[in-house]
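**Q** I'm passing along final05.cif; it holds mmCIF, C-alpha atoms.
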data_protein
loop_
_atom_site.label_atom_id
_atom_site.label_comp_id
_atom_site.auth_asym_id
_atom_site.auth_seq_id
_atom_site.Cartn_x
_atom_site.Cartn_y
_atom_site.Cartn_z
CA MET A 1 30.60 -18.89 -34.44
CA ALA A 2 33.58 -19.90 -32.29
CA ILE A 3 33.01 -19.76 -28.57
CA LYS A 4 36.07 -19.27 -26.41
CA ALA A 5 36.10 -20.96 -23.03
CA ARG A 6 36.75 -18.44 -20.28
CA THR A 7 38.29 -20.92 -17.85
CA LEU A 8 39.84 -24.35 -18.03
CA LEU A 9 36.99 -25.51 -15.78
CA GLN A 10 34.43 -24.29 -18.31
CA LEU A 11 36.32 -26.06 -21.08
CA LEU A 12 36.32 -29.34 -19.17
CA VAL A 13 32.63 -29.01 -18.29
CA TRP A 14 31.81 -28.42 -21.97
CA GLU A 15 33.85 -31.47 -22.97
CA ARG A 16 31.83 -33.63 -20.59
CA GLY A 17 28.51 -32.13 -21.68
CA TRP A 18 27.61 -31.38 -18.06
CA THR A 19 24.68 -29.25 -16.93
CA TYR A 20 24.83 -27.52 -13.57
CA ASP A 21 22.89 -30.37 -11.95
CA MET A 22 25.30 -32.94 -13.37
CA PHE A 23 28.28 -30.89 -12.15
CA ARG A 24 26.74 -30.56 -8.69
CA ARG A 25 26.22 -34.31 -8.37
CA ALA A 26 29.80 -34.99 -9.48
CA TYR A 27 31.08 -32.37 -7.04
CA GLU A 28 29.14 -33.86 -4.12
CA LYS A 29 30.34 -37.39 -5.06
CA ALA A 30 33.97 -36.23 -5.16
CA ALA A 31 33.58 -34.42 -1.82
CA CYS A 32 32.16 -37.58 -0.22
CA GLU A 33 35.03 -39.68 -1.59
CA LEU A 34 37.62 -37.28 -0.13
CA ALA A 35 35.84 -37.15 3.21
CA ALA A 36 35.49 -40.94 3.39
CA ALA A 37 39.22 -41.33 2.77
CA ALA A 38 39.79 -39.10 5.80
CA GLY A 39 37.24 -41.00 7.90
CA GLU A 40 34.79 -38.10 7.80
CA ARG A 41 31.37 -37.25 6.36
CA SER A 42 30.79 -34.55 3.77
CA THR A 43 27.90 -32.14 3.31
CA ALA A 44 29.71 -30.05 0.69
CA THR A 45 27.70 -28.88 -2.31
CA VAL A 46 27.77 -26.00 -4.80
CA GLU A 47 25.02 -23.50 -5.68
CA GLU A 48 24.31 -22.70 -9.31
CA GLN A 49 25.35 -19.05 -8.90
CA THR A 50 28.74 -20.18 -7.55
CA PHE A 51 29.14 -22.69 -10.41
CA ARG A 52 28.49 -19.92 -12.94
CA ARG A 53 31.08 -17.70 -11.28
CA TRP A 54 33.72 -20.44 -11.35
CA THR A 55 33.20 -21.27 -15.02
CA SER A 56 32.92 -17.66 -16.23
CA GLY A 57 36.18 -16.49 -14.70
CA ARG A 58 34.57 -14.12 -12.24
CA VAL A 59 36.42 -15.51 -9.21
CA LYS A 60 39.25 -13.54 -7.64
CA GLY A 61 41.61 -15.57 -5.53
CA ILE A 62 41.26 -19.19 -4.47
CA PRO A 63 37.99 -20.50 -2.93
CA ASN A 64 38.03 -21.83 0.60
CA GLN A 65 38.44 -25.54 1.34
CA PRO A 66 37.15 -28.05 0.53
CA THR A 67 36.58 -26.54 -2.93
CA PRO A 68 40.22 -26.65 -4.15
CA ALA A 69 40.67 -30.27 -3.08
CA VAL A 70 37.34 -31.36 -4.54
CA LEU A 71 37.93 -29.69 -7.92
CA GLU A 72 41.43 -31.10 -8.16
CA HIS A 73 40.07 -34.57 -7.34
CA MET A 74 37.43 -34.21 -10.06
CA PHE A 75 39.61 -32.93 -12.89
CA GLY A 76 43.26 -33.63 -12.04
CA TYR A 77 44.29 -29.98 -12.35
CA ASN A 78 45.15 -27.60 -9.51
CA VAL A 79 42.42 -25.13 -8.69
CA ARG A 80 44.36 -22.06 -9.85
CA ALA A 81 44.69 -23.56 -13.33
CA LEU A 82 41.03 -24.61 -13.38
CA LEU A 83 39.83 -21.08 -12.64
CA SER A 84 42.19 -19.47 -15.17
CA PRO A 85 41.89 -19.23 -18.98
CA PRO A 86 42.81 -22.56 -20.64
CA ASP A 87 46.44 -22.88 -21.71
CA LEU A 88 45.90 -25.55 -24.37
CA LEU A 89 43.07 -25.23 -26.88
CA PRO A 90 42.11 -27.53 -29.72
CA PRO A 91 43.77 -26.31 -32.89
CA ASP A 92 41.58 -24.24 -35.14
CA ALA A 93 42.03 -21.10 -37.18
CA SER A 94 40.84 -18.73 -34.53
CA GLY A 95 42.49 -20.41 -31.55
CA ALA A 96 39.00 -20.76 -30.00
CA TYR A 97 37.32 -23.83 -28.67
CA LEU A 98 34.47 -25.06 -30.83
CA PRO A 99 32.16 -27.18 -28.67
CA THR A 100 30.83 -30.23 -30.41
CA ILE A 101 27.08 -30.10 -30.94
CA ASP A 102 25.59 -33.55 -30.62
CA GLU A 103 22.33 -35.07 -29.47
CA SER A 104 23.34 -35.07 -25.81
CA ASP A 105 24.10 -31.36 -25.98
CA LEU A 106 20.71 -30.63 -27.54
CA ALA A 107 19.05 -32.75 -24.86
CA MET A 108 20.94 -30.89 -22.15
CA THR A 109 19.80 -27.54 -23.56
CA ALA A 110 16.21 -28.72 -23.66
CA ARG A 111 16.41 -30.00 -20.08
CA ASP A 112 17.88 -26.70 -18.83
CA ALA A 113 15.15 -24.73 -20.60
CA ALA A 114 12.43 -26.97 -19.20
CA SER A 115 13.91 -26.68 -15.72
CA HIS A 116 13.93 -22.90 -15.92
CA ALA A 117 10.35 -22.82 -17.18
CA GLY A 118 9.32 -25.16 -14.39
CA ASP A 119 10.94 -22.92 -11.81
CA ALA A 120 9.11 -19.91 -13.24
CA ALA A 121 5.80 -21.78 -13.25
CA SER A 122 6.26 -22.68 -9.61
CA LEU A 123 6.56 -19.00 -8.73
CA SER A 124 2.83 -18.46 -8.57
CA VAL A 125 0.00 -18.60 -6.08
CA PRO A 126 -3.39 -20.28 -6.39
CA ASP A 127 -5.93 -18.00 -8.05
CA MET A 128 -8.42 -18.93 -5.34
CA THR A 129 -6.07 -17.44 -2.74
CA LEU A 130 -6.05 -14.16 -4.64
CA ASP A 131 -9.84 -14.36 -4.95
CA GLN A 132 -10.09 -14.62 -1.17
CA LEU A 133 -7.75 -11.67 -0.71
CA ASP A 134 -9.87 -9.58 -3.08
CA ASP A 135 -13.04 -10.55 -1.23
CA ASP A 136 -11.50 -9.66 2.14
CA VAL A 137 -10.33 -6.23 0.96
CA VAL A 138 -13.75 -5.46 -0.52
CA ALA A 139 -15.53 -6.58 2.66
CA LEU A 140 -13.30 -4.42 4.85
CA ALA A 141 -13.77 -1.36 2.64
CA ARG A 142 -17.54 -1.78 2.75
CA GLU A 143 -17.66 -2.45 6.50
CA TYR A 144 -15.23 0.35 7.36
CA GLY A 145 -17.83 2.79 8.64
CA ARG A 146 -19.44 0.20 10.91
CA THR A 147 -16.31 -1.54 12.23
CA PRO A 148 -14.39 -0.31 15.30
CA PRO A 149 -11.28 1.58 14.15
CA ILE A 150 -8.83 -0.66 16.02
CA GLU A 151 -10.35 -3.71 14.31
CA VAL A 152 -10.14 -1.99 10.90
CA TYR A 153 -6.46 -1.28 11.54
CA ARG A 154 -5.75 -4.88 12.52
CA ARG A 155 -7.51 -6.36 9.51
CA ALA A 156 -6.07 -3.88 6.99
CA LYS A 157 -2.55 -4.47 8.29
CA GLU A 158 -3.05 -8.23 7.94
CA LEU A 159 -4.37 -7.88 4.38
CA LEU A 160 -1.45 -5.67 3.34
CA GLY A 161 0.96 -8.29 4.70
CA ILE A 162 -0.81 -11.07 2.79
CA ALA A 163 -0.74 -9.08 -0.45
CA GLN A 164 2.97 -8.31 -0.06
CA ALA A 165 3.76 -11.97 0.69
CA MET A 166 1.87 -13.05 -2.44
CA LEU A 167 3.82 -10.56 -4.54
CA GLU A 168 7.03 -12.18 -3.33
CA ARG A 169 5.75 -15.64 -4.30
CA THR A 170 4.39 -15.05 -7.80
CA GLN A 171 5.95 -13.97 -11.07
CA VAL A 172 2.75 -14.42 -13.11
CA PRO A 173 1.98 -10.94 -14.57
CA ARG A 174 -1.78 -11.02 -14.05
CA GLN A 175 -1.34 -12.28 -10.48
CA ARG A 176 1.21 -9.58 -9.72
CA GLU A 177 -1.19 -6.95 -11.01
CA ARG A 178 -3.91 -8.27 -8.70
CA GLY A 179 -1.43 -8.40 -5.83
CA TYR A 180 -0.32 -4.81 -6.32
CA LEU A 181 -3.95 -3.66 -6.50
CA ALA A 182 -4.85 -5.48 -3.27
CA ALA A 183 -1.74 -4.09 -1.57
CA GLY A 184 -2.61 -0.57 -2.71
CA GLN A 185 -6.20 -0.86 -1.54
CA SER A 186 -5.09 -2.22 1.83
CA ALA A 187 -2.55 0.59 2.23
CA ALA A 188 -5.24 3.14 1.39
CA ILE A 189 -7.58 1.72 4.04
CA LEU A 190 -4.70 1.70 6.54
CA SER A 191 -4.01 5.35 5.74
CA ALA A 192 -7.63 6.30 6.41
CA ILE A 193 -7.75 4.46 9.73
CA CYS A 194 -4.38 5.84 10.85
CA PHE A 195 -5.80 9.31 10.30
CA ASP A 196 -8.92 8.44 12.30
CA LEU A 197 -6.67 7.08 15.05
CA GLY A 198 -4.78 10.36 15.20
CA SER A 199 -1.51 9.63 13.37
CA LEU A 200 -1.10 12.08 10.51
CA PRO A 201 2.49 11.03 9.57
CA ALA A 202 1.53 7.35 9.29
CA ALA A 203 -1.52 8.27 7.22
CA VAL A 204 0.59 10.33 4.80
CA SER A 205 3.18 7.56 4.41
CA LEU A 206 0.54 4.92 3.72
CA SER A 207 -1.28 7.09 1.17
CA ARG A 208 2.01 7.55 -0.67
CA THR A 209 2.47 3.78 -0.55
CA ALA A 210 -0.98 3.27 -2.06
CA ALA A 211 -0.18 5.81 -4.79
CA LEU A 212 3.05 3.98 -5.66
CA TYR A 213 1.28 0.63 -5.88
CA GLY A 214 -1.25 2.24 -8.21
CA GLN A 215 1.57 3.67 -10.31
CA VAL A 216 3.22 0.25 -10.70
CA ILE A 217 0.10 -1.15 -12.37
CA GLU A 218 -0.93 2.18 -13.92
CA TYR A 219 -4.35 2.02 -12.28
CA GLY A 220 -5.86 5.50 -12.37
CA PRO A 221 -8.64 5.14 -9.77
CA LEU A 222 -6.23 3.96 -7.05
CA GLN A 223 -3.75 6.72 -7.87
CA ALA A 224 -6.54 9.31 -7.83
CA TYR A 225 -7.88 8.02 -4.51
CA ALA A 226 -4.43 8.12 -2.91
CA HIS A 227 -3.66 11.60 -4.24
CA GLY A 228 -7.03 12.79 -2.97
CA ALA A 229 -6.19 11.39 0.46
CA LEU A 230 -2.82 13.15 0.35
CA ALA A 231 -4.60 16.39 -0.56
CA PHE A 232 -6.93 15.96 2.40
CA LEU A 233 -3.99 15.26 4.70
CA ALA A 234 -2.12 18.26 3.30
CA PHE A 235 -4.69 20.81 4.46
CA TRP A 236 -4.90 18.98 7.75
CA GLY A 237 -1.16 19.58 7.99
CA GLY A 238 -1.66 23.29 7.35
CA ARG A 239 -0.74 23.21 3.61
CA PRO A 240 -3.92 24.00 1.64
CA THR A 241 -1.98 25.24 -1.41
CA GLU A 242 -0.19 21.89 -1.59
CA SER A 243 -3.60 20.27 -1.26
CA LEU A 244 -4.81 22.02 -4.41
CA ARG A 245 -1.71 20.88 -6.33
CA LEU A 246 -2.38 17.29 -5.36
CA ILE A 247 -6.02 17.57 -6.34
CA ARG A 248 -5.08 18.89 -9.78
CA ALA A 249 -2.78 15.88 -10.22
CA ALA A 250 -5.48 13.48 -9.02
CA GLN A 251 -8.04 14.82 -11.48
CA GLN A 252 -5.75 13.99 -14.42
CA PHE A 253 -5.65 10.24 -13.88
CA GLY A 254 -7.57 8.15 -16.36
CA GLY A 255 -10.52 5.87 -15.81
CA LEU A 256 -12.27 7.93 -13.13
CA GLY A 257 -16.02 7.75 -12.64
CA ASP A 258 -18.45 10.35 -11.26
CA THR A 259 -17.92 9.26 -7.66
CA ALA A 260 -14.16 9.71 -7.91
CA MET A 261 -14.53 13.20 -9.39
CA THR A 262 -17.17 14.15 -6.81
CA ARG A 263 -14.80 13.19 -4.01
CA LEU A 264 -11.95 15.20 -5.52
CA PHE A 265 -14.10 18.31 -5.95
CA VAL A 266 -15.31 18.02 -2.34
CA ILE A 267 -11.70 17.89 -1.12
CA GLU A 268 -10.83 20.81 -3.39
CA ALA A 269 -13.67 22.85 -1.87
CA ARG A 270 -12.29 22.19 1.61
CA ALA A 271 -8.83 23.35 0.50
CA HIS A 272 -10.31 26.58 -0.87
CA GLY A 273 -12.19 26.97 2.40
CA HIS A 274 -8.92 26.81 4.30
CA LEU A 275 -7.59 29.54 2.02
CA GLY A 276 -10.69 31.65 2.61
CA ASP A 277 -11.57 31.69 -1.09
CA GLN A 278 -15.38 31.80 -1.04
CA ALA A 279 -15.87 31.92 -4.82
CA ALA A 280 -13.51 29.03 -5.56
CA ALA A 281 -14.99 26.95 -2.76
CA ASP A 282 -18.53 27.53 -3.99
CA ARG A 283 -17.46 26.61 -7.52
CA ALA A 284 -15.90 23.35 -6.35
CA VAL A 285 -19.03 22.51 -4.30
CA ARG A 286 -21.18 23.03 -7.40
CA CYS A 287 -18.88 20.80 -9.46
CA ALA A 288 -19.12 18.11 -6.81
CA LEU A 289 -22.90 18.21 -6.93
CA ASP A 290 -23.08 18.35 -10.73
CA GLN A 291 -21.27 15.12 -11.59
CA GLY A 292 -23.69 13.19 -13.76
CA THR A 293 -21.90 11.68 -16.74
CA GLY A 294 -22.84 8.15 -15.75
CA GLN A 295 -19.17 7.10 -15.69
CA ARG A 296 -18.15 4.53 -13.09
CA ASP A 297 -14.91 2.95 -11.95
CA GLU A 298 -14.31 -0.30 -10.14
CA LEU A 299 -12.70 1.21 -7.03
CA HIS A 300 -14.98 4.10 -6.10
CA ASP A 301 -18.21 2.64 -7.48
CA GLY A 302 -17.66 -1.11 -7.77
CA ILE A 303 -16.16 -1.58 -4.30
CA GLY A 304 -17.48 1.59 -2.69
CA GLY A 305 -17.56 1.67 1.10
CA GLU A 306 -14.56 3.68 2.30
CA PHE A 307 -13.61 4.16 -1.37
CA GLY A 308 -17.06 5.49 -2.17
CA PHE A 309 -18.40 8.97 -1.56
CA PRO A 310 -22.20 8.87 -1.23
CA SER A 311 -24.40 11.94 -1.04
CA ASP A 312 -24.52 11.94 2.79
CA ARG A 313 -20.72 12.12 2.92
CA VAL A 314 -20.72 14.89 0.31
CA ALA A 315 -23.19 16.90 2.38
CA MET A 316 -21.22 16.34 5.60
CA SER A 317 -17.98 17.50 4.01
CA ASN A 318 -19.66 20.50 2.39
CA ALA A 319 -20.91 21.52 5.83
CA THR A 320 -17.31 21.64 6.99
CA THR A 321 -16.39 23.82 3.99
CA HIS A 322 -19.15 26.28 4.88
CA LEU A 323 -17.87 26.41 8.45
CA LEU A 324 -14.39 27.26 7.24
CA LEU A 325 -15.94 30.24 5.47
CA ASN A 326 -18.01 31.20 8.56
CA ASP A 327 -21.24 30.46 6.68
CA ALA A 328 -23.44 29.27 9.55
CA ASP A 329 -26.62 28.90 7.51
CA GLY A 330 -24.94 26.98 4.69
CA ALA A 331 -23.21 24.72 7.20
CA GLU A 332 -26.42 24.00 9.11
CA ASP A 333 -28.32 23.22 5.91
CA ALA A 334 -25.61 20.84 4.65
CA ALA A 335 -25.20 19.08 8.02
CA THR A 336 -28.97 18.69 8.34
CA GLN A 337 -29.13 17.26 4.82
CA ALA A 338 -26.35 14.77 5.66
CA LEU A 339 -28.19 13.58 8.76
CA HIS A 340 -31.46 13.32 6.84
CA LEU A 341 -29.80 11.17 4.16
CA LEU A 342 -28.18 8.98 6.80
CA SER A 343 -31.46 8.48 8.65
CA ALA A 344 -33.00 7.14 5.44
CA LYS A 345 -30.54 4.24 5.47
CA PRO A 346 -31.13 1.04 7.46
CA GLU A 347 -29.63 1.47 10.91
CA ASP A 348 -26.98 -1.20 10.34
CA GLN A 349 -25.77 0.64 7.21
CA ARG A 350 -25.23 4.06 8.76
CA PRO A 351 -21.50 4.89 9.03
CA LEU A 352 -21.01 6.04 12.60
CA LEU A 353 -17.96 8.18 11.80
CA ILE A 354 -19.86 10.20 9.19
CA SER A 355 -22.98 10.72 11.27
CA THR A 356 -20.89 11.74 14.30
CA GLN A 357 -19.02 14.36 12.28
CA ALA A 358 -22.27 15.65 10.79
CA TYR A 359 -23.75 16.12 14.29
CA ALA A 360 -20.56 17.90 15.38
CA ASP A 361 -20.71 20.24 12.38
CA LEU A 362 -24.36 20.94 13.10
CA GLY A 363 -23.34 21.96 16.61
CA ARG A 364 -20.56 24.19 15.24
CA ALA A 365 -22.99 25.88 12.83
CA ARG A 366 -25.42 26.65 15.66
CA LEU A 367 -22.55 27.93 17.78
CA LEU A 368 -21.73 30.46 15.05
CA ARG A 369 -25.32 31.71 15.35
CA GLY A 370 -25.06 31.91 19.13
CA ASP A 371 -27.64 29.15 19.69
CA LEU A 372 -26.18 27.48 22.78
CA ALA A 373 -29.24 25.28 23.40
CA GLY A 374 -29.08 24.14 19.77
CA VAL A 375 -25.40 23.27 20.20
CA GLN A 376 -26.16 21.09 23.22
CA ASP A 377 -28.95 19.33 21.35
CA ALA A 378 -26.77 18.65 18.29
CA LEU A 379 -23.86 17.31 20.33
CA GLY A 380 -25.97 14.88 22.37
CA PRO A 381 -25.43 11.96 19.92
CA VAL A 382 -21.72 12.80 19.72
CA PHE A 383 -21.21 12.41 23.45
CA ASP A 384 -22.80 8.95 23.23
CA VAL A 385 -20.17 7.69 20.77
CA PRO A 386 -17.92 4.96 22.30
CA THR A 387 -14.33 6.02 22.95
CA ASP A 388 -12.93 3.76 20.20
CA TRP A 389 -15.07 5.55 17.61
CA ARG A 390 -13.95 9.07 18.46
CA GLY A 391 -11.73 9.63 15.44
CA ALA A 392 -9.45 12.56 14.69
CA GLY A 393 -12.08 14.25 12.51
CA THR A 394 -14.58 14.19 15.36
CA LEU A 395 -12.05 15.36 17.93
CA GLU A 396 -11.01 18.29 15.76
CA ARG A 397 -14.60 19.38 15.35
CA MET A 398 -15.22 19.13 19.08
CA ALA A 399 -12.04 21.13 19.72
CA ALA A 400 -13.44 23.86 17.46
CA VAL A 401 -16.66 23.91 19.49
CA ARG A 402 -14.62 24.08 22.69
CA ALA A 403 -12.69 27.05 21.35
CA GLY A 404 -15.91 28.75 20.26
CA LEU A 405 -17.41 28.44 23.72
CA THR A 406 -14.75 30.84 25.02
CA HIS A 407 -16.17 33.67 22.88
CA SER A 408 -17.18 36.76 24.79
CA ASP A 409 -20.82 36.14 23.87
CA PHE A 410 -20.83 33.13 26.22
CA ARG A 411 -18.77 34.62 29.03
CA GLY A 412 -20.40 33.87 32.36
CA ALA A 413 -22.83 31.34 30.86
CA GLN A 414 -22.82 28.24 33.04
CA GLU A 415 -24.16 26.13 30.17
CA ALA A 416 -21.12 27.06 28.07
CA ALA A 417 -18.72 26.25 30.91
CA ASP A 418 -20.36 22.89 31.55
CA LEU A 419 -20.39 22.02 27.86
CA GLY A 420 -16.71 22.94 27.55
CA GLU A 421 -15.74 20.67 30.43
CA ARG A 422 -17.77 17.86 28.95
CA ILE A 423 -15.95 18.24 25.60
CA GLU A 424 -12.58 18.12 27.36
CA ALA A 425 -13.53 14.89 29.13
CA PHE A 426 -14.86 13.47 25.85
CA THR A 427 -11.54 14.22 24.13
CA GLU A 428 -9.38 12.95 26.94
CA ALA A 429 -11.09 9.55 26.93
CA SER A 430 -10.86 9.00 23.17
CA SER A 431 -8.62 6.34 21.63
CA ALA A 432 -7.44 8.71 18.90
CA ASN A 433 -6.27 11.24 21.46
CA ARG A 434 -4.31 8.58 23.36
CA LEU A 435 -2.78 7.00 20.25
CA GLY A 436 -1.95 10.32 18.64
CA GLY A 437 -0.07 11.40 21.74
CA SER A 438 -1.33 14.96 21.47
CA ALA A 439 -4.39 17.11 21.26
CA PRO A 440 -6.41 16.90 18.03
CA LEU A 441 -5.27 19.06 15.16
CA ALA A 442 -7.08 22.40 15.35
CA ILE A 443 -6.77 23.05 11.64
CA GLU A 444 -10.35 23.20 10.47
CA GLY A 445 -11.76 25.73 12.87
#
Please express what this file holds, its structure, as structure tokens.
**A**
Amino acid sequence: MAIKARTLLQLLVWERGWTYDMFRRAYEKAACELAAAAGERSTATVEEQTFRRWTSGRVKGIPNQPTPAVLEHMFGYNVRALLSPPDLLPPDASGAYLPTIDESDLAMTARDAASHAGDAASLSVPDMTLDQLDDDVVALAREYGRTPPIEVYRRAKELLGIAQAMLERTQVPRQRERGYLAAGQSAAILSAICFDLGSLPAAVSLSRTAALYGQVIEYGPLQAYAHGALAFLAFWGGRPTESLRLIRAAQQFGGLGDTAMTRLFVIEARAHGHLGDQAAADRAVRCALDQGTGQRDELHDGIGGEFGFPSDRVAMSNATTHLLLNDADGAEDAATQALHLLSAKPEDQRPLLISTQAYADLGRARLLRGDLAGVQDALGPVFDVPTDWRGAGTLERMAAVRAGLTHSDFRGAQEAADLGERIEAFTEASSANRLGGSAPLAIEG
């Protein structure tokens, strides 16, 4: 099939059998010759994208110097003619230029193809680097509950940056999939720690980021985890109905194991608790406790840690649901169960954030029953928590206790007044309160 040259420059390049690299070398040689004649030195060159624009006729106007002079020196035509359609074509029936196909042309094509493939092959990263990134993300997820929040934030931010940088460096499909997964996991961990540090907007944004990374690689467990986090953050933001919508979406993703579904049902129960729907909340709690298909997924079960949802965390969260429904006995039973399960773990494996929240919920349950001495006993371990570990979930629970101490039943009780002041001092000193820039969100009480 006849191929019509779009510019005189393209025609002349075809005649010479030049590749881009050959054209560039000739261009640089011509530029140096012109500069030497003027007693100067030349650093002029031409990028491949510019070369393609010149030859394809996609240039409007005349390029800046030294391009016109260099092209005219190379080909003996003025630059306007070179960048315009050719005036004289070899005679043939169609009036089109038929490039001669010879061995040099075939060799040029092969070299160009090899060069392109080589460029693509260079756009990769060592698999061992990705292995290290995977290991670091897994380690952080598993150490989350025993690592100071500020340190978790620093490490998760660093890992997200590494994953994003790797995605920019590689075009290998399997490496990009691993990079997107690591980026999504890092963003999810960052979302969780931003919430603990008191920044709800940052937590929401990062959970959406994690969900999008999961969508890119169509990885159901990551999408479900991120949607579950968004559902949790929605009722914290005062939108429990939106929370239920997000949970329904999360439950539809494929590849979810029992742990993932347990977590989603627990969050659903909390949303129903915020809506005051006792029957729906109880049903969701039962579903959370009844997951037993034996299904697993790599995120919630294989990695676990912050992505997991063990029985102690289930019990702690269910205690909060009972409190939302003013069920003091149910809340005390669930909080006690959570603490019992935690105490059975080796001390260095007990997540401080979870145990602290369970103690706070135990205190709230006893407050509902009017047991002031029991409240003080339950909150003792909470007051001992270092300031950096006083996350938003803990502060909210303590704020609920503080509000409850103003009930008429405790009016005039010095113990209640002293406990209230102690809670205020506890909150004021916390890192989450300082970083959040405001009082904890009193949504759960």
**Q** Counting only C-alpha atoms, which residue out of A:Ala139, A:Val13, A:Leu159, A:Met166 sits closest to A:Ser56?
**A**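 Between A:Ala139, A:Val13, A:Leu159, A:Met166, the residue approaching A:Ser56 most closely is A:Val13.
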**Q** Take the PyMOL selection byres ((chain A and resi 185) around 9), run it mentally on this structure, and tell me the resulting residues as JSON, numbers by chain.
**A** {"A": [137, 138, 141, 160, 180, 181, 182, 183, 184, 186, 187, 188, 189, 190, 210, 213, 214, 222, 299, 307]}
**Q** Considering all atoms listed in the file, state which residue in the set A:Cys194, A:Asp361, A:Glu298, A:Arg174 is at the smallest distance from A:Glu151.
**A**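 For A:Glu151, the nearest of the given residues is A:Cys194.
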**Q** Could you tell me which of A:Ala328, A:Ala31, A:Ala284, A:Ala203 comes closest to A:Val314 if we count only C-alpha atoms?
**A**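 Of A:Ala328, A:Ala31, A:Ala284, A:Ala203, the one nearest A:Val314 is A:Ala284, counting only C-alpha atoms.
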**Q** For a quick check of your reading of the model, name the residues lying within 10 Å of the coordinate (-28.2, 16.6, 11.0), counting all atoms listed in the file, and write them as a list of chain:residue names.
**A** A:Ala315, A:Met316, A:Glu332, A:Asp333, A:Ala334, A:Ala335, A:Thr336, A:Gln337, A:Ala338, A:Leu339, A:His340, A:Leu341, A:Leu342, A:Ser343, A:Ser355, A:Thr356, A:Gln357, A:Ala358, A:Tyr359, A:Ala360, A:Asp361, A:Leu362, A:Gly363, A:Ala378
**Q** Quick one: everything within 12 Å of A:Ala202, counting all atoms listed in the file, minus sequence neighbours fewer than 2 positions away in the same chain. Send it as a PyMOL selection string.
**A** chain A and resi 153+187-200+204-209+230+233+435-436
**Q** Find, counting only C-alpha atoms, the residue in A:Thr394, A:Gly228, A:Leu368, A:Ile423 that gets nearest to A:Asp409.
**A**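 Result for the nearest residue to A:Asp409: A:Leu368.
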**Q** Using only C-alpha atoms, give me every residue within 12 Å of (33.4, -25.1, 1.6) in file coordinates, as a PyMOL selection string.
**A** chain A and resi 27-28+31+42-47+50+62-71
**Q** Find the residue from A:Leu130, A:Ile354, A:Leu405, A:Met398 that sits nearest to A:Leu372; use all atoms listed in the file when measuring.
**A**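 So, comparing all the options, the nearest one is A:Leu405.
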**Q** Please list as a PDB file with C-alpha atoms, keeping the file's coordinate frame every residue within 12 Å of A:Thr293, counting all atoms listed in the file and excluding residues in the same chain fewer than 4 positions away.
**A**
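Everything below was put into around_36.pdb:
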ATOM      1  CA  LEU A 256     -12.270   7.930 -13.130  1.00  0.00           C
ATOM      2  CA  GLY A 257     -16.020   7.750 -12.640  1.00  0.00           C
ATOM      3  CA  ASP A 258     -18.450  10.350 -11.260  1.00  0.00           C
ATOM      4  CA  THR A 259     -17.920   9.260  -7.660  1.00  0.00           C
ATOM      5  CA  ALA A 260     -14.160   9.710  -7.910  1.00  0.00           C
ATOM      6  CA  MET A 261     -14.530  13.200  -9.390  1.00  0.00           C
ATOM      7  CA  THR A 262     -17.170  14.150  -6.810  1.00  0.00           C
ATOM      8  CA  LEU A 289     -22.900  18.210  -6.930  1.00  0.00           C
TER       9      LEU A 289
END
**Q** To one decimal place, how far is atom CA of A:Thr170 from atom CA of A:Thr129 in Å?
**A**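 Separation between atom CA of A:Thr170 and atom CA of A:Thr129: 11.9 Å.
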**Q** What is the atom CA of A:Gln171-atom CA of A:Ser124 distance in Å, reported with one decimal?
**A**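 We find that atom CA of A:Gln171 and atom CA of A:Ser124 lie 6.0 Å from each other.
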**Q** Between atom CA of A:Ser84 and atom CA of A:Leu8, what distance in Å does the model show, to one decimal?
**A**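 Separation of atom CA of A:Ser84 and atom CA of A:Leu8: 6.1 Å.
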**Q** Taking only C-alpha atoms into account, which of A:Gly305, A:Pro240, A:Pro310, A:Pro201 comes nearest A:Arg270?
**A**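 Between A:Gly305, A:Pro240, A:Pro310, A:Pro201, the residue approaching A:Arg270 most closely is A:Pro240.
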